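Text of data36.txt (compact mmCIF, C-alpha atoms) as supplied:
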```txt
# COMPACT_ATOMS: atom_id res chain seq x y z
CA GLU A 7 60.02 91.48 113.27
CA PRO A 8 61.23 93.41 110.19
CA GLU A 9 64.47 92.21 108.69
CA VAL A 10 66.92 92.99 105.92
CA THR A 11 66.78 90.51 103.06
CA GLN A 12 69.38 89.79 100.37
CA THR A 13 69.28 87.93 97.07
CA PRO A 14 70.76 85.73 95.82
CA SER A 15 72.22 83.82 98.76
CA HIS A 16 75.01 82.51 96.53
CA GLN A 17 76.22 83.81 93.18
CA VAL A 18 78.86 82.21 91.00
CA THR A 19 80.23 84.28 88.14
CA GLN A 20 83.16 84.27 85.74
CA MET A 21 85.96 86.79 85.95
CA GLY A 22 85.14 89.92 83.96
CA GLN A 23 81.38 89.56 84.26
CA GLU A 24 79.09 92.11 85.86
CA VAL A 25 77.14 91.15 88.96
CA ILE A 26 74.34 92.87 90.82
CA LEU A 27 73.68 92.01 94.45
CA ARG A 28 70.28 92.95 95.78
CA CYS A 29 69.07 94.00 99.19
CA VAL A 30 65.74 95.02 100.64
CA PRO A 31 66.40 97.17 103.72
CA ILE A 32 63.93 97.59 106.58
CA SER A 33 61.15 99.79 105.24
CA ASN A 34 61.42 102.88 107.46
CA HIS A 35 65.21 102.97 107.51
CA LEU A 36 67.04 105.84 105.86
CA TYR A 37 70.70 104.76 105.79
CA PHE A 38 71.93 101.77 103.82
CA TYR A 39 75.32 100.06 103.85
CA TRP A 40 77.37 97.41 102.11
CA TYR A 41 80.11 95.47 103.88
CA ARG A 42 82.19 92.58 102.64
CA GLN A 43 84.09 89.73 104.23
CA ILE A 44 86.79 87.84 102.37
CA LEU A 45 86.91 84.23 103.58
CA GLY A 46 88.65 83.97 106.95
CA GLN A 47 89.06 87.72 107.36
CA LYS A 48 87.26 90.49 109.21
CA VAL A 49 84.18 92.28 107.92
CA GLU A 50 85.06 95.52 106.08
CA PHE A 51 82.97 98.59 105.33
CA LEU A 52 82.43 99.36 101.63
CA VAL A 53 79.92 102.18 101.34
CA SER A 54 77.07 104.02 103.03
CA PHE A 55 74.13 105.59 101.20
CA TYR A 56 71.64 108.23 102.30
CA ASN A 57 69.13 110.41 100.49
CA ASN A 58 70.00 108.81 97.14
CA GLU A 59 73.69 109.49 97.31
CA ILE A 60 76.85 107.98 98.72
CA SER A 61 77.61 109.47 102.13
CA GLU A 62 80.88 107.63 102.75
CA LYS A 63 82.99 105.03 100.95
CA SER A 64 86.14 103.09 101.71
CA GLU A 65 89.25 102.80 99.58
CA ILE A 66 88.02 99.36 98.52
CA PHE A 67 85.01 100.95 96.83
CA ASP A 68 86.69 101.93 93.55
CA ASP A 69 85.25 102.67 90.10
CA GLN A 70 84.34 99.01 89.62
CA PHE A 71 81.67 99.32 92.30
CA SER A 72 78.43 101.28 92.25
CA VAL A 73 75.31 101.41 94.38
CA GLU A 74 71.78 102.35 93.53
CA ARG A 75 68.33 102.58 95.05
CA PRO A 76 66.32 101.92 91.88
CA ASP A 77 62.93 102.06 93.60
CA GLY A 78 61.44 102.57 97.05
CA SER A 79 62.47 99.21 98.42
CA ASN A 80 65.61 97.79 96.75
CA PHE A 81 69.25 98.73 97.31
CA THR A 82 71.79 97.24 94.93
CA LEU A 83 75.55 96.79 94.70
CA LYS A 84 76.98 96.41 91.20
CA ILE A 85 80.44 95.14 90.39
CA ARG A 86 81.17 96.00 86.76
CA SER A 87 83.95 93.58 85.89
CA THR A 88 84.53 91.02 88.59
CA LYS A 89 87.99 89.90 89.65
CA LEU A 90 89.03 86.77 91.52
CA GLU A 91 89.71 88.90 94.60
CA ASP A 92 86.06 90.06 94.66
CA SER A 93 85.11 86.60 95.92
CA ALA A 94 83.67 87.29 99.36
CA MET A 95 80.55 87.42 101.48
CA TYR A 96 78.69 90.70 100.91
CA PHE A 97 76.43 92.02 103.66
CA CYS A 98 73.80 94.71 103.34
CA ALA A 99 72.74 96.68 106.42
CA SER A 100 70.34 99.48 107.22
CA ASN A 101 69.35 101.77 110.07
CA LEU A 102 67.38 104.85 110.91
CA GLY A 103 70.54 106.94 110.83
CA THR A 104 70.24 108.74 114.15
CA ARG A 105 73.65 109.03 115.80
CA GLY A 106 74.91 105.67 117.00
CA ASP A 107 71.81 103.82 115.89
CA GLU A 108 72.00 100.01 115.64
CA GLN A 109 72.71 98.64 112.18
CA TYR A 110 70.63 95.66 111.07
CA PHE A 111 72.40 93.18 108.83
CA GLY A 112 71.04 90.92 106.13
CA PRO A 113 72.05 87.26 105.80
CA GLY A 114 74.65 87.98 103.14
CA THR A 115 75.36 86.99 99.53
CA ARG A 116 78.30 84.69 98.93
CA LEU A 117 79.97 85.75 95.67
CA THR A 118 82.33 83.29 94.01
CA VAL A 119 84.34 84.53 91.03
CA THR A 120 85.94 81.77 88.92
CA GLY B 29 91.05 105.05 111.97
CA ILE B 30 89.72 103.39 115.08
CA GLN B 31 91.36 100.10 116.12
CA VAL B 32 89.32 97.18 117.41
CA GLU B 33 91.10 94.25 119.02
CA GLN B 34 89.40 91.06 120.13
CA SER B 35 90.78 88.41 122.44
CA PRO B 36 91.37 85.58 122.55
CA PRO B 37 91.55 84.82 118.81
CA ASP B 38 90.57 81.20 119.39
CA LEU B 39 88.73 79.47 122.22
CA ILE B 40 87.98 75.79 122.72
CA LEU B 41 85.38 74.97 125.35
CA GLN B 42 83.86 71.86 126.77
CA GLU B 43 80.07 71.90 126.62
CA GLY B 44 78.70 73.45 129.79
CA ALA B 45 81.70 75.70 130.42
CA ASN B 46 81.56 79.48 130.82
CA SER B 47 83.73 81.95 128.92
CA THR B 48 84.47 85.63 128.47
CA LEU B 49 85.35 87.31 125.18
CA ARG B 50 86.91 90.75 125.15
CA CYS B 51 86.78 93.68 122.72
CA ASN B 52 89.10 96.67 123.13
CA PHE B 53 88.76 99.81 121.02
CA SER B 54 91.02 102.80 120.62
CA ASP B 55 88.64 105.77 120.52
CA SER B 56 85.27 107.06 121.74
CA VAL B 57 82.31 105.25 120.21
CA ASN B 58 78.60 105.89 119.78
CA ASN B 59 77.68 102.30 119.06
CA LEU B 60 78.99 98.85 119.84
CA GLN B 61 77.45 95.66 118.51
CA TRP B 62 78.25 92.00 119.08
CA PHE B 63 77.57 89.44 116.34
CA HIS B 64 77.73 85.68 116.04
CA GLN B 65 78.70 84.37 112.61
CA ASN B 66 77.17 80.95 112.12
CA PRO B 67 78.61 78.13 109.99
CA TRP B 68 76.61 79.39 106.98
CA GLY B 69 78.33 82.76 107.22
CA GLN B 70 75.32 84.74 108.44
CA LEU B 71 75.91 87.54 110.94
CA ILE B 72 73.45 87.22 113.80
CA ASN B 73 72.92 90.34 115.90
CA LEU B 74 73.54 89.50 119.55
CA PHE B 75 73.68 92.85 121.31
CA TYR B 76 73.53 96.54 120.61
CA ILE B 77 75.39 97.83 123.65
CA PRO B 78 77.12 101.23 123.47
CA SER B 79 77.25 101.20 127.29
CA GLY B 80 75.98 99.27 130.27
CA THR B 81 74.99 95.64 130.63
CA LYS B 82 72.46 93.50 128.78
CA GLN B 83 71.43 89.88 129.05
CA ASN B 84 69.78 87.55 126.58
CA GLY B 85 69.39 83.99 127.81
CA ARG B 86 72.81 82.45 128.38
CA LEU B 87 74.58 85.40 126.82
CA SER B 88 75.29 88.73 128.42
CA ALA B 89 77.43 91.73 127.50
CA THR B 90 78.95 94.67 129.29
CA THR B 91 80.45 97.79 127.73
CA VAL B 92 82.55 100.23 129.74
CA ALA B 93 82.78 103.05 127.22
CA THR B 94 84.98 105.27 129.39
CA GLU B 95 87.60 102.50 129.54
CA ARG B 96 87.08 101.49 125.90
CA TYR B 97 86.26 97.84 126.23
CA SER B 98 83.35 95.43 126.03
CA LEU B 99 82.94 91.88 127.31
CA LEU B 100 80.71 89.11 126.03
CA TYR B 101 79.89 86.32 128.48
CA ILE B 102 78.77 82.88 127.38
CA SER B 103 77.43 80.72 130.19
CA SER B 104 76.71 76.99 130.09
CA SER B 105 78.04 76.82 126.53
CA GLN B 106 76.39 74.54 123.96
CA THR B 107 77.71 73.14 120.70
CA THR B 108 75.42 75.55 118.85
CA ASP B 109 77.43 78.42 120.33
CA SER B 110 80.33 77.46 118.05
CA GLY B 111 81.26 80.00 115.41
CA VAL B 112 83.01 83.34 115.21
CA TYR B 113 82.05 86.22 117.49
CA PHE B 114 82.66 89.73 116.21
CA CYS B 115 82.42 93.04 117.93
CA ALA B 116 81.96 96.17 115.84
CA VAL B 117 82.09 99.82 116.85
CA LEU B 118 80.89 103.09 115.42
CA LYS B 119 83.27 105.98 115.98
CA ALA B 120 81.73 109.06 117.57
CA ALA B 121 81.89 111.09 114.35
CA GLY B 122 80.94 108.56 111.69
CA ASN B 123 78.35 106.09 110.50
CA LYS B 124 80.40 103.05 109.45
CA LEU B 125 81.00 100.09 111.72
CA THR B 126 84.58 98.95 112.23
CA PHE B 127 84.85 95.26 113.03
CA GLY B 128 87.36 93.44 115.17
CA GLY B 129 89.17 90.35 113.97
CA GLY B 130 86.77 88.03 115.78
CA THR B 131 87.07 85.23 118.33
CA ARG B 132 86.61 81.74 116.90
CA VAL B 133 84.80 79.56 119.44
CA LEU B 134 84.56 75.78 119.30
CA VAL B 135 82.35 74.07 121.84
CA LYS B 136 83.03 70.34 122.11
CA PRO B 137 80.37 67.88 123.26
```

When written as structure tokens, how does the structure in this file appear?
Amino acid sequence: EPEVTQTPSHQVTQMGQEVILRCVPISNHLYFYWYRQILGQKVEFLVSFYNNEISEKSEIFDDQFSVERPDGSNFTLKIRSTKLEDSAMYFCASNLGTRGDEQYFGPGTRLTVT
Amino acid sequence: GIQVEQSPPDLILQEGANSTLRCNFSDSVNNLQWFHQNPWGQLINLFYIPSGTKQNGRLSATTVATERYSLLYISSSQTTDSGVYFCAVLKAAGNKLTFGGGTRVLVKP
């Protein structure tokens, strides 16, 4: 069964460094998403991406964040200058994009900023 | 935005017991999904259930969209059922999932 994959599973970085989190969505899916979960809290929407542009973003998704689909298979989330409060689990998801379609989640990347 | 409330926040069960988790939401939805977050933090898809009833082994779910709630049933619970259960909804005019606060389940042997 096709699945969303994410790399790395765990990333440790120093405050102020740039990080890139990578995702490979399911191949025929058209919409891609990033969500994050700070330890012990609920999962929060960051951004959705369709047709090579952002379709919706939350207030969390400020100028420090960017997303890109650099080729036909990868979808990346970049944090330019990490802060301690960026430490969280980051989930990538994808779906076909028809109204109400199920979103398929990857296993997550745990980001630790020290 | 849409509000999603889950209850109870915490649940302790003896192995073999049955339980019901509830998810209430404040607006019309096109999608409702239930997830289990395992001890490694992974979100495991349990059900995609915008309406109706579905069953998968010892788990089943029912969504009554007109009354804005969904229920997740765990029968004959096992220690591997421990973890946090989240429901998430997609508002009728959007494409982002809004998650509830989760129910933390501990199944004791």

Exercise. Pick out the closest residue to Gln109 (chain A) from this set: B:Ser104, B:Ser88, B:Asn59, B:Ser110. Count only C-alpha atoms.
Key: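 Closest residue, counting only C-alpha atoms: B:Asn59.
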
Exercise. State, in Å with one decimal place, the distance from CA of Phe51 (chain A) to CA of Ile40 (chain B).
Key: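 Value for the CA of Phe51 (chain A)-CA of Ile40 (chain B) distance: 29.1 Å.
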
Self-check item: Pick from A:Met21, A:Ala94, A:Ala99, A:Val119, whichever lies nearest to Ser54 (chain A) using all atoms listed in the file
Solution: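 Smallest distance to Ser54 (chain A) is found for A:Ala99.
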
Quiz prompt | d(CA of Asp92 (chain A), CA of Arg42 (chain A)) in Å | solution = 9.2 Å

Practice problem: Tell me the residues of chain B close to chain A, meaning within 8 Å using all atoms listed in the file, as a list in words. | Solution: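 So the residues of chain B near chain A are Asn58, Asn59, Gln61, Gly69, Gln70, Leu71, Ile72, Asn73, Tyr76, Leu118, Ala120, Asn123, Lys124, Leu125, Thr126, Phe127, Gly128, Gly129 and Gly130 of chain B.
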
Output file for the residues above (C-alpha atoms, as a CSV table (one decimal), keeping the file's coordinate frame):
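Final file, result.csv:
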```csv
chain,number,residue,atom,x,y,z
B,58,ASN,CA,78.6,105.9,119.8
B,59,ASN,CA,77.7,102.3,119.1
B,61,GLN,CA,77.4,95.7,118.5
B,69,GLY,CA,78.3,82.8,107.2
B,70,GLN,CA,75.3,84.7,108.4
B,71,LEU,CA,75.9,87.5,110.9
B,72,ILE,CA,73.4,87.2,113.8
B,73,ASN,CA,72.9,90.3,115.9
B,76,TYR,CA,73.5,96.5,120.6
B,118,LEU,CA,80.9,103.1,115.4
B,120,ALA,CA,81.7,109.1,117.6
B,123,ASN,CA,78.4,106.1,110.5
B,124,LYS,CA,80.4,103.0,109.4
B,125,LEU,CA,81.0,100.1,111.7
B,126,THR,CA,84.6,99.0,112.2
B,127,PHE,CA,84.8,95.3,113.0
B,128,GLY,CA,87.4,93.4,115.2
B,129,GLY,CA,89.2,90.4,114.0
B,130,GLY,CA,86.8,88.0,115.8
```

Practice problem: Would you mind reading off the distance between CA of Pro14 (chain A) and CA of Phe67 (chain A), one decimal, in Å? | Solution: 20.9 Å

Self-check item: Nearest residue to Trp68 (chain B) from the set A:Glu7, A:His16, A:Glu65, A:Lys84 (distances using all atoms listed in the file)
Solution: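 That would be A:His16, the residue with the smallest distance to Trp68 (chain B).
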
Practice problem: Between B:Gln42, B:Thr131, B:Ser47, B:Ser35, single out the one closest to Tyr101 (chain B), counting all atoms listed in the file. | Solution: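 Looking at the shortest contact to Tyr101 (chain B), the residue is B:Ser47.
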
Quiz item: Counting all atoms listed in the file, what is within 7 Å of Leu27 (chain A), bar same-chain residues fewer than 4 positions away, as a PyMOL selection string?
Solution: chain A and resi 13+82-84

If I only have part of region 66-89 of chain B, can you fill in N, CA, C and O atoms and write it as a short mmCIF file (atom, residue, chain, number, x, y, z; two decimals), in the frame of the given file?
```cif
data_model
loop_
_atom_site.label_atom_id
_atom_site.label_comp_id
_atom_site.auth_asym_id
_atom_site.auth_seq_id
_atom_site.Cartn_x
_atom_site.Cartn_y
_atom_site.Cartn_z
N ASN B 66 77.44 82.38 112.07
CA ASN B 66 77.17 80.95 112.12
C ASN B 66 77.91 80.22 111.00
O ASN B 66 78.56 80.85 110.16
N PRO B 67 77.85 78.89 110.99
CA PRO B 67 78.61 78.13 109.99
C PRO B 67 78.20 78.45 108.55
O PRO B 67 78.98 78.18 107.62
N TRP B 68 77.04 79.01 108.33
CA TRP B 68 76.61 79.39 106.98
C TRP B 68 77.08 80.79 106.59
O TRP B 68 76.77 81.27 105.52
N GLY B 69 77.77 81.44 107.50
CA GLY B 69 78.33 82.76 107.22
C GLY B 69 77.43 83.92 107.59
O GLY B 69 77.83 85.08 107.42
N GLN B 70 76.24 83.65 108.08
CA GLN B 70 75.32 84.74 108.44
C GLN B 70 75.78 85.44 109.71
O GLN B 70 76.26 84.79 110.64
N LEU B 71 75.62 86.76 109.74
CA LEU B 71 75.91 87.54 110.94
C LEU B 71 74.62 87.69 111.74
O LEU B 71 73.67 88.31 111.28
N ILE B 72 74.63 87.14 112.93
CA ILE B 72 73.45 87.22 113.80
C ILE B 72 73.70 88.30 114.84
O ILE B 72 74.69 88.24 115.59
N ASN B 73 72.82 89.30 114.87
CA ASN B 73 72.92 90.34 115.90
C ASN B 73 72.73 89.73 117.28
O ASN B 73 71.73 89.08 117.53
N LEU B 74 73.69 89.97 118.17
CA LEU B 74 73.54 89.50 119.55
C LEU B 74 73.13 90.66 120.46
O LEU B 74 72.16 90.56 121.20
N PHE B 75 73.93 91.71 120.43
CA PHE B 75 73.68 92.85 121.31
C PHE B 75 74.03 94.15 120.62
O PHE B 75 74.99 94.24 119.86
N TYR B 76 73.20 95.15 120.90
CA TYR B 76 73.53 96.54 120.61
C TYR B 76 73.79 97.16 121.97
O TYR B 76 72.86 97.28 122.78
N ILE B 77 75.05 97.50 122.26
CA ILE B 77 75.39 97.83 123.65
C ILE B 77 76.47 98.89 123.71
O ILE B 77 77.63 98.60 124.04
N PRO B 78 76.13 100.16 123.39
CA PRO B 78 77.12 101.23 123.47
C PRO B 78 77.62 101.49 124.89
O PRO B 78 78.70 102.04 125.09
N SER B 79 76.82 101.09 125.89
CA SER B 79 77.25 101.20 127.29
C SER B 79 76.34 100.31 128.13
O SER B 79 75.26 99.90 127.69
N GLY B 80 76.81 100.01 129.35
CA GLY B 80 75.98 99.27 130.27
C GLY B 80 76.04 97.78 130.08
O GLY B 80 76.97 97.25 129.48
N THR B 81 75.05 97.09 130.64
CA THR B 81 74.99 95.64 130.63
C THR B 81 73.64 95.17 130.11
O THR B 81 72.61 95.76 130.44
N LYS B 82 73.68 94.11 129.29
CA LYS B 82 72.46 93.50 128.78
C LYS B 82 72.59 91.99 128.88
O LYS B 82 73.69 91.45 128.84
N GLN B 83 71.43 91.35 129.01
CA GLN B 83 71.43 89.88 129.05
C GLN B 83 70.38 89.35 128.10
O GLN B 83 69.30 89.93 127.95
N ASN B 84 70.72 88.23 127.44
CA ASN B 84 69.78 87.55 126.58
C ASN B 84 70.02 86.05 126.72
O ASN B 84 70.93 85.49 126.12
N GLY B 85 69.22 85.42 127.57
CA GLY B 85 69.39 83.99 127.81
C GLY B 85 70.72 83.70 128.46
O GLY B 85 71.06 84.28 129.48
N ARG B 86 71.50 82.82 127.80
CA ARG B 86 72.81 82.45 128.38
C ARG B 86 73.92 83.44 128.02
O ARG B 86 75.04 83.29 128.47
N LEU B 87 73.59 84.41 127.23
CA LEU B 87 74.58 85.40 126.82
C LEU B 87 74.33 86.71 127.55
O LEU B 87 73.17 87.09 127.78
N SER B 88 75.41 87.37 127.90
CA SER B 88 75.29 88.73 128.42
C SER B 88 76.49 89.53 127.94
O SER B 88 77.51 88.96 127.51
N ALA B 89 76.36 90.86 127.96
CA ALA B 89 77.43 91.73 127.50
C ALA B 89 77.49 92.96 128.39
O ALA B 89 76.47 93.41 128.89
#
```
